[in-house]
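Structure data (mmCIF, C-alpha atoms) from coords_29.cif:
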```
data_work
loop_
_atom_site.group_PDB
_atom_site.id
_atom_site.type_symbol
_atom_site.label_atom_id
_atom_site.label_comp_id
_atom_site.auth_asym_id
_atom_site.auth_seq_id
_atom_site.Cartn_x
_atom_site.Cartn_y
_atom_site.Cartn_z
ATOM 1 C CA MET Z 1500 47.330 68.922 -25.102
ATOM 2 C CA ALA Z 1501 48.556 65.376 -25.433
ATOM 3 C CA SER Z 1502 45.871 62.633 -25.273
ATOM 4 C CA ARG Z 1503 46.080 60.277 -22.389
ATOM 5 C CA GLU Z 1504 45.996 56.562 -23.088
ATOM 6 C CA ILE Z 1505 43.338 54.619 -21.182
ATOM 7 C CA PRO Z 1506 44.843 51.449 -19.705
ATOM 8 C CA GLU Z 1507 43.421 48.279 -21.209
ATOM 9 C CA ILE Z 1508 41.741 45.782 -18.817
ATOM 10 C CA ASN Z 1509 43.072 42.274 -19.195
ATOM 11 C CA ALA Z 1510 39.992 40.000 -19.432
ATOM 12 C CA GLY Z 1511 41.842 36.927 -20.520
ATOM 13 C CA SER Z 1512 41.223 35.035 -17.293
ATOM 14 C CA MET Z 1513 37.491 35.897 -16.982
ATOM 15 C CA ALA Z 1514 36.451 32.771 -18.874
ATOM 16 C CA ASP Z 1515 38.506 30.612 -16.516
ATOM 17 C CA ILE Z 1516 36.944 32.294 -13.470
ATOM 18 C CA ALA Z 1517 33.417 31.820 -14.851
ATOM 19 C CA PHE Z 1518 34.147 28.149 -15.511
ATOM 20 C CA LEU Z 1519 35.449 27.620 -11.975
ATOM 21 C CA LEU Z 1520 32.365 29.328 -10.519
ATOM 22 C CA LEU Z 1521 30.126 27.069 -12.621
ATOM 23 C CA ILE Z 1522 31.934 23.949 -11.353
ATOM 24 C CA PHE Z 1523 31.629 25.223 -7.769
ATOM 25 C CA TRP Z 1524 27.877 25.800 -8.199
ATOM 26 C CA LEU Z 1525 27.322 22.315 -9.667
ATOM 27 C CA VAL Z 1526 29.247 20.647 -6.833
ATOM 28 C CA THR Z 1527 27.710 22.555 -3.917
ATOM 29 C CA THR Z 1528 24.067 22.939 -5.038
ATOM 30 C CA THR Z 1529 21.498 20.388 -3.844
ATOM 31 C CA MET Z 1530 18.845 19.544 -6.399
ATOM 32 C CA ASP Z 1531 15.300 18.970 -5.140
ATOM 33 C CA ARG Z 1532 13.907 15.579 -6.003
ATOM 34 C CA ASP Z 1533 10.250 14.919 -6.694
ATOM 35 C CA MET Z 1534 9.575 11.870 -4.532
ATOM 36 C CA GLY Z 1535 6.007 11.381 -5.702
ATOM 37 C CA LEU Z 1536 3.652 8.892 -4.053
ATOM 38 C CA ARG Z 1537 4.973 5.753 -2.386
ATOM 39 C CA LEU Z 1538 2.614 3.219 -3.911
ATOM 40 C CA THR Z 1539 3.226 -0.400 -4.827
ATOM 41 C CA LEU Z 1540 1.821 -0.993 -8.284
ATOM 42 C CA PRO Z 1541 0.212 -4.383 -8.966
ATOM 43 C CA GLN Z 1542 1.943 -6.791 -11.298
ATOM 44 C CA GLU Z 1543 0.406 -7.477 -14.677
ATOM 45 C CA LEU Z 1544 -1.403 -10.811 -14.604
ATOM 46 C CA PRO Z 1545 -2.337 -13.101 -17.494
ATOM 47 C CA PRO Z 1546 -6.037 -13.369 -18.463
ATOM 48 C CA CYS Z 1547 -7.965 -15.383 -15.899
ATOM 49 C CA GLU Z 1548 -9.938 -18.277 -17.345
ATOM 50 C CA ASP Z 1549 -11.423 -19.552 -14.090
ATOM 51 C CA CYS Z 1550 -11.602 -16.480 -11.865
ATOM 52 C CA PRO Z 1551 -13.482 -16.695 -8.566
ATOM 53 C CA GLU Z 1552 -16.628 -14.618 -8.347
ATOM 54 C CA VAL Z 1553 -16.136 -11.331 -6.520
ATOM 55 C CA ARG Z 1554 -19.074 -10.508 -4.296
ATOM 56 C CA ASP Z 1555 -20.320 -6.936 -4.166
ATOM 57 C CA ARG Z 1556 -19.970 -6.868 -0.392
ATOM 58 C CA ASN Z 1557 -16.216 -7.364 -0.769
ATOM 59 C CA VAL Z 1558 -15.746 -4.235 -2.911
ATOM 60 C CA LEU Z 1559 -16.015 -0.679 -1.606
ATOM 61 C CA LYS Z 1560 -16.482 1.583 -4.632
ATOM 62 C CA ILE Z 1561 -15.221 5.150 -4.323
ATOM 63 C CA SER Z 1562 -15.039 7.382 -7.385
ATOM 64 C CA VAL Z 1563 -14.428 10.991 -8.389
ATOM 65 C CA ASN Z 1564 -15.868 12.308 -11.664
ATOM 66 C CA GLY Z 1565 -14.670 15.091 -13.932
ATOM 67 C CA LEU Z 1566 -16.553 17.672 -11.864
ATOM 68 C CA ASP Z 1567 -14.704 16.645 -8.681
ATOM 69 C CA GLN Z 1568 -17.871 15.052 -7.306
ATOM 70 C CA VAL Z 1569 -17.262 12.121 -4.963
ATOM 71 C CA ALA Z 1570 -19.430 9.005 -5.124
ATOM 72 C CA ILE Z 1571 -19.519 6.098 -2.677
ATOM 73 C CA GLU Z 1572 -21.157 2.938 -3.996
ATOM 74 C CA ASP Z 1573 -22.316 4.956 -7.035
ATOM 75 C CA LYS Z 1574 -24.108 7.540 -4.870
ATOM 76 C CA LEU Z 1575 -22.902 11.147 -4.595
ATOM 77 C CA ALA Z 1576 -21.554 11.920 -1.137
ATOM 78 C CA PRO Z 1577 -19.515 14.629 0.608
ATOM 79 C CA ILE Z 1578 -15.806 13.912 0.713
ATOM 80 C CA GLU Z 1579 -15.959 13.578 4.518
ATOM 81 C CA GLU Z 1580 -18.065 10.418 4.089
ATOM 82 C CA VAL Z 1581 -15.085 8.607 2.554
ATOM 83 C CA GLU Z 1582 -13.497 8.241 5.989
ATOM 84 C CA VAL Z 1583 -16.685 6.743 7.431
ATOM 85 C CA ALA Z 1584 -17.032 4.267 4.553
ATOM 86 C CA VAL Z 1585 -13.406 3.108 4.802
ATOM 87 C CA ARG Z 1586 -13.651 2.715 8.570
ATOM 88 C CA ASP Z 1587 -16.764 0.539 8.162
ATOM 89 C CA PHE Z 1588 -14.979 -1.458 5.453
ATOM 90 C CA TYR Z 1589 -12.255 -2.472 7.908
ATOM 91 C CA GLY Z 1590 -14.241 -2.680 11.120
ATOM 92 C CA SER Z 1591 -17.934 -3.380 10.547
ATOM 93 C CA ASP Z 1592 -19.350 -6.914 10.526
ATOM 94 C CA ASP Z 1593 -22.663 -5.996 8.883
ATOM 95 C CA ASP Z 1594 -24.003 -8.254 6.151
ATOM 96 C CA ASN Z 1595 -23.112 -5.732 3.441
ATOM 97 C CA MET Z 1596 -19.517 -5.415 4.633
ATOM 98 C CA PRO Z 1597 -16.546 -7.564 3.499
ATOM 99 C CA GLU Z 1598 -16.390 -11.218 4.500
ATOM 100 C CA ARG Z 1599 -14.210 -12.129 7.460
ATOM 101 C CA HIS Z 1600 -12.910 -15.300 9.035
ATOM 102 C CA LEU Z 1601 -11.955 -16.063 12.597
ATOM 103 C CA VAL Z 1602 -8.297 -16.526 13.441
ATOM 104 C CA ASN Z 1603 -7.651 -18.494 16.625
ATOM 105 C CA ALA Z 1604 -5.602 -21.481 17.724
ATOM 106 C CA ASN Z 1605 -8.035 -24.008 16.202
ATOM 107 C CA THR Z 1606 -8.491 -22.338 12.805
ATOM 108 C CA ILE Z 1607 -4.743 -21.809 12.490
ATOM 109 C CA ALA Z 1608 -3.899 -25.439 13.260
ATOM 110 C CA ASP Z 1609 -6.685 -26.896 11.092
ATOM 111 C CA THR Z 1610 -6.072 -24.672 8.070
ATOM 112 C CA MET Z 1611 -2.290 -25.003 8.069
ATOM 113 C CA SER Z 1612 -2.544 -28.765 8.498
ATOM 114 C CA LYS Z 1613 -4.913 -29.049 5.513
ATOM 115 C CA LEU Z 1614 -2.670 -26.858 3.380
ATOM 116 C CA GLU Z 1615 0.383 -28.968 4.203
ATOM 117 C CA VAL Z 1616 -1.536 -32.097 3.159
ATOM 118 C CA LEU Z 1617 -2.585 -30.440 -0.113
ATOM 119 C CA ILE Z 1618 0.991 -29.402 -0.849
ATOM 120 C CA ALA Z 1619 2.267 -32.920 -0.181
ATOM 121 C CA THR Z 1620 -0.473 -34.350 -2.422
ATOM 122 C CA TRP Z 1621 0.307 -32.059 -5.356
ATOM 123 C CA GLU Z 1622 4.021 -32.779 -4.959
ATOM 124 C CA THR Z 1623 3.254 -36.255 -6.387
ATOM 125 C CA GLU Z 1624 1.541 -34.850 -9.508
ATOM 126 C CA PRO Z 1625 3.251 -36.316 -12.615
ATOM 127 C CA ASP Z 1626 2.555 -33.274 -14.795
ATOM 128 C CA PRO Z 1627 5.328 -30.785 -13.890
ATOM 129 C CA LEU Z 1628 3.384 -27.710 -14.997
ATOM 130 C CA ILE Z 1629 0.299 -28.578 -12.947
ATOM 131 C CA LYS Z 1630 2.513 -29.603 -10.035
ATOM 132 C CA VAL Z 1631 4.380 -26.283 -9.944
ATOM 133 C CA THR Z 1632 1.167 -24.261 -10.333
ATOM 134 C CA MET Z 1633 -0.756 -26.005 -7.568
ATOM 135 C CA VAL Z 1634 2.149 -26.305 -5.136
ATOM 136 C CA ASP Z 1635 2.933 -22.606 -5.572
ATOM 137 C CA LYS Z 1636 -0.730 -21.737 -5.004
ATOM 138 C CA TYR Z 1637 -1.035 -23.609 -1.713
ATOM 139 C CA GLU Z 1638 2.401 -22.529 -0.504
ATOM 140 C CA LYS Z 1639 1.240 -18.911 -0.852
ATOM 141 C CA TYR Z 1640 -1.845 -19.726 1.212
ATOM 142 C CA LEU Z 1641 0.347 -21.415 3.792
ATOM 143 C CA LYS Z 1642 2.603 -18.353 3.947
ATOM 144 C CA GLU Z 1643 -0.446 -16.139 4.514
ATOM 145 C CA TRP Z 1644 -1.605 -18.293 7.394
ATOM 146 C CA GLN Z 1645 1.899 -18.350 8.843
ATOM 147 C CA GLY Z 1646 1.648 -14.548 8.976
ATOM 148 C CA LYS Z 1647 -1.695 -14.835 10.777
ATOM 149 C CA LYS Z 1648 -0.181 -17.324 13.215
ATOM 150 C CA ASP Z 1649 2.725 -14.974 13.930
ATOM 151 C CA CYS Z 1650 0.283 -12.111 14.506
ATOM 152 C CA PHE Z 1651 -1.829 -14.297 16.801
ATOM 153 C CA GLU Z 1652 1.198 -15.265 18.895
ATOM 154 C CA LEU Z 1653 2.715 -11.768 19.025
ATOM 155 C CA THR Z 1654 -0.525 -10.229 20.252
ATOM 156 C CA GLY Z 1655 -0.991 -12.568 23.186
ATOM 157 C CA GLU Z 1656 -2.970 -15.253 21.350
ATOM 158 C CA ALA Z 1657 -6.105 -13.127 21.248
ATOM 159 C CA PRO Z 1658 -8.570 -14.344 18.552
ATOM 160 C CA PHE Z 1659 -9.360 -11.831 15.821
ATOM 161 C CA ASP Z 1660 -11.413 -11.510 12.639
ATOM 162 C CA CYS Z 1661 -9.357 -11.248 9.465
ATOM 163 C CA ILE Z 1662 -10.774 -9.446 6.458
ATOM 164 C CA SER Z 1663 -11.170 -11.520 3.289
ATOM 165 C CA LYS Z 1664 -8.247 -11.437 0.859
ATOM 166 C CA ARG Z 1665 -10.782 -10.636 -1.884
ATOM 167 C CA ALA Z 1666 -11.913 -7.452 -0.125
ATOM 168 C CA VAL Z 1667 -10.718 -4.310 -1.910
ATOM 169 C CA ILE Z 1668 -11.331 -0.572 -1.987
ATOM 170 C CA ARG Z 1669 -11.813 0.362 -5.640
ATOM 171 C CA PHE Z 1670 -10.880 4.005 -6.126
ATOM 172 C CA GLU Z 1671 -11.702 5.350 -9.568
ATOM 173 C CA SER Z 1672 -10.826 8.821 -10.827
ATOM 174 C CA ASN Z 1673 -11.407 10.762 -14.017
ATOM 175 C CA ASN Z 1674 -8.930 12.362 -16.394
ATOM 176 C CA ALA Z 1675 -10.580 15.702 -15.568
ATOM 177 C CA THR Z 1676 -10.363 15.207 -11.789
ATOM 178 C CA THR Z 1677 -8.205 17.882 -10.166
ATOM 179 C CA PHE Z 1678 -5.103 16.819 -8.258
ATOM 180 C CA GLU Z 1679 -6.424 18.520 -5.133
ATOM 181 C CA THR Z 1680 -9.587 16.425 -5.033
ATOM 182 C CA TYR Z 1681 -7.793 13.233 -6.033
ATOM 183 C CA PHE Z 1682 -5.238 13.542 -3.234
ATOM 184 C CA SER Z 1683 -7.885 14.631 -0.727
ATOM 185 C CA VAL Z 1684 -9.821 11.394 -1.296
ATOM 186 C CA LEU Z 1685 -6.638 9.324 -1.275
ATOM 187 C CA ASP Z 1686 -5.597 10.977 2.003
ATOM 188 C CA GLN Z 1687 -8.985 10.077 3.506
ATOM 189 C CA ILE Z 1688 -8.553 6.415 2.536
ATOM 190 C CA LYS Z 1689 -4.961 6.069 3.713
ATOM 191 C CA GLY Z 1690 -5.539 8.268 6.750
ATOM 192 C CA VAL Z 1691 -8.098 5.817 8.161
ATOM 193 C CA LEU Z 1692 -5.751 2.869 7.631
ATOM 194 C CA LYS Z 1693 -2.894 4.790 9.245
ATOM 195 C CA GLU Z 1694 -5.032 5.592 12.292
ATOM 196 C CA LEU Z 1695 -6.263 1.997 12.635
ATOM 197 C CA ARG Z 1696 -2.718 0.642 12.409
ATOM 198 C CA ASN Z 1697 -1.364 3.143 14.928
ATOM 199 C CA ASP Z 1698 -4.163 2.490 17.423
ATOM 200 C CA PHE Z 1699 -3.800 -1.284 17.170
ATOM 201 C CA SER Z 1700 -0.004 -1.147 17.406
ATOM 202 C CA LEU Z 1701 -0.111 1.155 20.411
ATOM 203 C CA GLY Z 1702 -2.442 -1.206 22.258
ATOM 204 C CA ALA Z 1703 -0.614 -4.395 21.282
ATOM 205 C CA PHE Z 1704 3.027 -3.310 21.371
ATOM 206 C CA GLY Z 1705 3.077 -0.035 23.313
ATOM 207 C CA THR Z 1706 4.247 2.023 20.331
ATOM 208 C CA THR Z 1707 2.640 3.303 17.142
ATOM 209 C CA TYR Z 1708 3.022 1.737 13.722
ATOM 210 C CA ASP Z 1709 4.652 4.913 12.389
ATOM 211 C CA GLU Z 1710 7.251 4.826 15.151
ATOM 212 C CA MET Z 1711 8.075 1.191 14.377
ATOM 213 C CA ILE Z 1712 8.525 2.041 10.693
ATOM 214 C CA LYS Z 1713 10.999 4.801 11.613
ATOM 215 C CA LEU Z 1714 12.913 2.456 13.906
ATOM 216 C CA GLU Z 1715 13.130 -0.185 11.172
ATOM 217 C CA GLU Z 1716 14.362 2.409 8.652
ATOM 218 C CA ASN Z 1717 17.080 3.326 11.155
ATOM 219 C CA GLY Z 1718 18.262 -0.289 11.315
ATOM 220 C CA ASP Z 1719 16.161 -1.849 14.099
ATOM 221 C CA ILE Z 1720 15.189 -5.130 12.434
ATOM 222 C CA SER Z 1721 13.478 -6.347 15.630
ATOM 223 C CA MET Z 1722 10.471 -4.247 14.552
ATOM 224 C CA ARG Z 1723 9.801 -6.295 11.412
ATOM 225 C CA PRO Z 1724 7.694 -9.096 12.968
ATOM 226 C CA LYS Z 1725 5.505 -6.526 14.733
ATOM 227 C CA ILE Z 1726 5.144 -4.460 11.569
ATOM 228 C CA LYS Z 1727 4.057 -7.562 9.663
ATOM 229 C CA ALA Z 1728 1.561 -8.389 12.417
ATOM 230 C CA VAL Z 1729 -0.029 -4.945 12.130
ATOM 231 C CA ARG Z 1730 -0.287 -5.336 8.354
ATOM 232 C CA VAL Z 1731 -1.992 -8.693 8.802
ATOM 233 C CA ARG Z 1732 -4.645 -7.103 10.990
ATOM 234 C CA PHE Z 1733 -5.097 -4.064 8.771
ATOM 235 C CA PRO Z 1734 -3.860 -4.751 5.217
ATOM 236 C CA LEU Z 1735 -3.791 -2.098 2.505
ATOM 237 C CA ARG Z 1736 -6.445 -3.165 0.009
ATOM 238 C CA LEU Z 1737 -6.473 -0.338 -2.513
ATOM 239 C CA LEU Z 1738 -7.192 -0.879 -6.212
ATOM 240 C CA GLU Z 1739 -6.848 2.033 -8.639
ATOM 241 C CA PRO Z 1740 -7.980 1.349 -12.220
ATOM 242 C CA ASP Z 1741 -6.852 3.638 -15.020
ATOM 243 C CA ALA Z 1742 -8.509 7.054 -15.045
ATOM 244 C CA ARG Z 1743 -11.554 7.276 -17.310
ATOM 245 C CA ASN Z 1744 -12.730 9.897 -19.786
ATOM 246 C CA VAL Z 1745 -16.255 10.177 -18.428
#
```
Entire entry expressed as structure tokens:
Amino acid sequence: MASREIPEINAGSMADIAFLLLIFWLVTTTMDRDMGLRLTLPQELPPCEDCPEVRDRNVLKISVNGLDQVAIEDKLAPIEEVEVAVRDFYGSDDDNMPERHLVNANTIADTMSKLEVLIATWETEPDPLIKVTMVDKYEKYLKEWQGKKDCFELTGEAPFDCISKRAVIRFESNNATTFETYFSVLDQIKGVLKELRNDFSLGAFGTTYDEMIKLEENGDISMRPKIKAVRVRFPLRLLEPDARNV
């Protein structure tokens, strides 16, 4: 019986097909991006030779050790107490809470007038280095008070207490701290600020801070002055030193 030849399959174009499929996959597939945390990192500053003294009342110390134990002002506390401590930091006027100053029509006019005089005075300084340093310093102060003035006017000229610029929440973690605990504490801190901003914005402008942020991201630049006013009333004062090996 004669043997029957098996037809040979032409695989010459398989490589071309595989290449085209690979190109199609690369073009049509969406890669997930790890967005991470939206935090503004502080700029590196030169050593300070004449630094102002930082009072203990202006610093809220929150830490997490390697055993995921939370401490507030160096005392162990349940994680739920972080929210209470942060809320007191922004809203309490007790003696052990951060310093505050009154913002009203008189303090705005007096402070801005004094700063303008100081700027004009330092503009006549013959030493260019000292001149630039001091003028820049007082112009920053003047810009801060301009923000307070804008907030005062936007909110119906209602006087308010402004937290000291030296007040900070110092959040320390450990290299052995788990991500779950770290983010839980961070969520407590930022969650309080988010709630305070939303409540204030809703009462002052009839819409929440989060809604104004979304509108601005969609191109509504009219929200910017109101957003700045909310940030003046409730600024983010979060300091995170490098994690320790303790």
Practice prompt. Measuring atom to atom with all atoms listed in the file, identify which of Z:Gly1718, Z:Leu1566, Z:Gly1705, Z:Asp1660 is nearest to Pro1597 of chain Z.
Written response: Z:Asp1660
Item to complete: Check what the PyMOL selection byres ((chain Z and resi 1661) around 6) selects in the file above and give those residues as JSON, numbers by chain.
Response: {"Z": [1599, 1600, 1660, 1662]}
Taking C-alpha atoms for each residue, export the selection above as an mmCIF file, in the frame of the given file.
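Final file, result-v2.cif:
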```cif
data_model
loop_
_atom_site.group_PDB
_atom_site.id
_atom_site.type_symbol
_atom_site.label_atom_id
_atom_site.label_comp_id
_atom_site.auth_asym_id
_atom_site.auth_seq_id
_atom_site.Cartn_x
_atom_site.Cartn_y
_atom_site.Cartn_z
ATOM 1 C CA ARG Z 1599 -14.210 -12.129 7.460
ATOM 2 C CA HIS Z 1600 -12.910 -15.300 9.035
ATOM 3 C CA ASP Z 1660 -11.413 -11.510 12.639
ATOM 4 C CA ILE Z 1662 -10.774 -9.446 6.458
#
```
Practice prompt. Mind checking which residues fall within 7 Å of Tyr1708 of chain Z, counting only C-alpha atoms, ignoring those fewer than 2 positions away in the same chain, and posting them as a list of chain:residue names?
Written response: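 In the requested form, the answer reads Z:Arg1696, Z:Asn1697, Z:Ser1700, Z:Thr1706, Z:Glu1710, Z:Met1711, Z:Ile1712, Z:Ile1726.
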Hey, can you spit out that residue selection with C-alpha atoms as a PDB file, keeping the file's coordinate frame?
```
ATOM      1  CA  ARG Z1696      -2.718   0.642  12.409  1.00  0.00           C
ATOM      2  CA  ASN Z1697      -1.364   3.143  14.928  1.00  0.00           C
ATOM      3  CA  SER Z1700      -0.004  -1.147  17.406  1.00  0.00           C
ATOM      4  CA  THR Z1706       4.247   2.023  20.331  1.00  0.00           C
ATOM      5  CA  GLU Z1710       7.251   4.826  15.151  1.00  0.00           C
ATOM      6  CA  MET Z1711       8.075   1.191  14.377  1.00  0.00           C
ATOM      7  CA  ILE Z1712       8.525   2.041  10.693  1.00  0.00           C
ATOM      8  CA  ILE Z1726       5.144  -4.460  11.569  1.00  0.00           C
TER       9      ILE Z1726
END
```
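Going from atom CA of Ala1703 of chain Z over to atom CA of Leu1559 of chain Z, you cover 27.8 Å.
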Worksheet item: Please, what distance in Å, to one decimal, runs between atom CA of Val1558 of chain Z and atom CA of Asp1649 of chain Z?
Response: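 The value is 27.2 Å.
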Worksheet item: Nearest to Leu1737 of chain Z: which of Z:Glu1679, Z:Glu1622, Z:Asp1709, Z:Glu1671 is it, counting all atoms listed in the file?
Response: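 Ranking Z:Glu1679, Z:Glu1622, Z:Asp1709, Z:Glu1671 by distance to Leu1737 of chain Z, first place goes to Z:Glu1671.
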Item to complete: Provide the atom CA of Val1563 of chain Z to atom CA of Ala1576 of chain Z distance in Å, to one decimal place.
Response: 10.2 Å
Practice prompt. List the residues selected by the PyMOL selection byres ((chain Z and resi 1739) around 9) in the file shown, writing them as a VMD selection string.
Written response: chain Z and resid 1668 to 1672 1737 to 1738 1740 to 1742
Discussion item. Taking the file as I've supplied it (selection: the PyMOL selection byres ((chain Z and resi 1556) around 12)), which residues are included? Please answer as a ChimeraX atom specification.
Written reply: /Z:1552-1555,1557-1560,1572,1587-1588,1591-1599,1662-1663,1665-1668
Fill in: Answer as a ChimeraX atom specification, residues within 9 Å of (-8.5, 6.3, 4.6) using only C-alpha atoms
/Z:1581-1586,1684-1694
Could you write those residues out with C-alpha atoms, as an mmCIF file, in the coordinates of the input?
```cif
data_model
loop_
_atom_site.group_PDB
_atom_site.id
_atom_site.type_symbol
_atom_site.label_atom_id
_atom_site.label_comp_id
_atom_site.auth_asym_id
_atom_site.auth_seq_id
_atom_site.Cartn_x
_atom_site.Cartn_y
_atom_site.Cartn_z
ATOM 1 C CA VAL Z 1581 -15.085 8.607 2.554
ATOM 2 C CA GLU Z 1582 -13.497 8.241 5.989
ATOM 3 C CA VAL Z 1583 -16.685 6.743 7.431
ATOM 4 C CA ALA Z 1584 -17.032 4.267 4.553
ATOM 5 C CA VAL Z 1585 -13.406 3.108 4.802
ATOM 6 C CA ARG Z 1586 -13.651 2.715 8.570
ATOM 7 C CA VAL Z 1684 -9.821 11.394 -1.296
ATOM 8 C CA LEU Z 1685 -6.638 9.324 -1.275
ATOM 9 C CA ASP Z 1686 -5.597 10.977 2.003
ATOM 10 C CA GLN Z 1687 -8.985 10.077 3.506
ATOM 11 C CA ILE Z 1688 -8.553 6.415 2.536
ATOM 12 C CA LYS Z 1689 -4.961 6.069 3.713
ATOM 13 C CA GLY Z 1690 -5.539 8.268 6.750
ATOM 14 C CA VAL Z 1691 -8.098 5.817 8.161
ATOM 15 C CA LEU Z 1692 -5.751 2.869 7.631
ATOM 16 C CA LYS Z 1693 -2.894 4.790 9.245
ATOM 17 C CA GLU Z 1694 -5.032 5.592 12.292
#
```
For segment 1596-1601 of chain Z, what centre and edge lengths in Å (one decimal) does the axis-aligned box get once 6 Å is added on each side of all its listed atoms, as lines of an AutoDock Vina configuration file?
```
center_x = -15.7
center_y = -10.7
center_z = 8.0
size_x = 19.6
size_y = 22.6
size_z = 21.1
```
Worksheet entry | Proximity to Phe1651 of chain Z - best of Z:Gly1565, Z:Pro1734, Z:Pro1724, Z:Pro1577, only C-alpha atoms | Z:Pro1724
Item to complete: Find the residues near Lys1642 of chain Z: any atom within 12 Å, counting all atoms listed in the file, skip ones fewer than 3 places away on the same chain, and give them as a PyMOL selection string.
Response: chain Z and resi 1607+1610-1611+1614-1615+1635-1639+1645-1649+1731
Where atoms are lacking, segment 1670-1683 of chain Z completed to N, CA and C atoms, as a tab-separated table (two decimals), in the coordinates of the input:
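part-v2.tsv, freshly written:
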```tsv
chain	number	residue	atom	x	y	z
Z	1670	PHE	N	-10.88	2.55	-6.04
Z	1670	PHE	CA	-10.88	4.00	-6.13
Z	1670	PHE	C	-10.69	4.42	-7.58
Z	1671	GLU	N	-11.75	4.94	-8.17
Z	1671	GLU	CA	-11.70	5.35	-9.57
Z	1671	GLU	C	-11.69	6.87	-9.67
Z	1672	SER	N	-10.87	7.38	-10.57
Z	1672	SER	CA	-10.83	8.82	-10.83
Z	1672	SER	C	-11.08	9.07	-12.30
Z	1673	ASN	N	-11.12	10.34	-12.66
Z	1673	ASN	CA	-11.41	10.76	-14.02
Z	1673	ASN	C	-10.23	11.58	-14.53
Z	1674	ASN	N	-10.03	11.57	-15.83
Z	1674	ASN	CA	-8.93	12.36	-16.39
Z	1674	ASN	C	-9.09	13.85	-16.10
Z	1675	ALA	N	-10.33	14.29	-15.85
Z	1675	ALA	CA	-10.58	15.70	-15.57
Z	1675	ALA	C	-10.59	16.01	-14.07
Z	1676	THR	N	-10.40	14.99	-13.23
Z	1676	THR	CA	-10.36	15.21	-11.79
Z	1676	THR	C	-9.14	16.05	-11.42
Z	1677	THR	N	-9.35	17.05	-10.57
Z	1677	THR	CA	-8.20	17.88	-10.17
Z	1677	THR	C	-7.32	17.11	-9.19
Z	1678	PHE	N	-6.04	17.46	-9.17
Z	1678	PHE	CA	-5.10	16.82	-8.26
Z	1678	PHE	C	-5.52	17.04	-6.80
Z	1679	GLU	N	-6.04	18.21	-6.50
Z	1679	GLU	CA	-6.42	18.52	-5.13
Z	1679	GLU	C	-7.49	17.56	-4.63
Z	1680	THR	N	-8.52	17.33	-5.44
Z	1680	THR	CA	-9.59	16.42	-5.03
Z	1680	THR	C	-9.10	14.98	-4.99
Z	1681	TYR	N	-8.32	14.60	-5.99
Z	1681	TYR	CA	-7.79	13.23	-6.03
Z	1681	TYR	C	-7.00	12.91	-4.77
Z	1682	PHE	N	-6.07	13.80	-4.41
Z	1682	PHE	CA	-5.24	13.54	-3.23
Z	1682	PHE	C	-6.02	13.68	-1.94
Z	1683	SER	N	-7.05	14.50	-1.93
Z	1683	SER	CA	-7.88	14.63	-0.73
Z	1683	SER	C	-8.60	13.32	-0.43
```
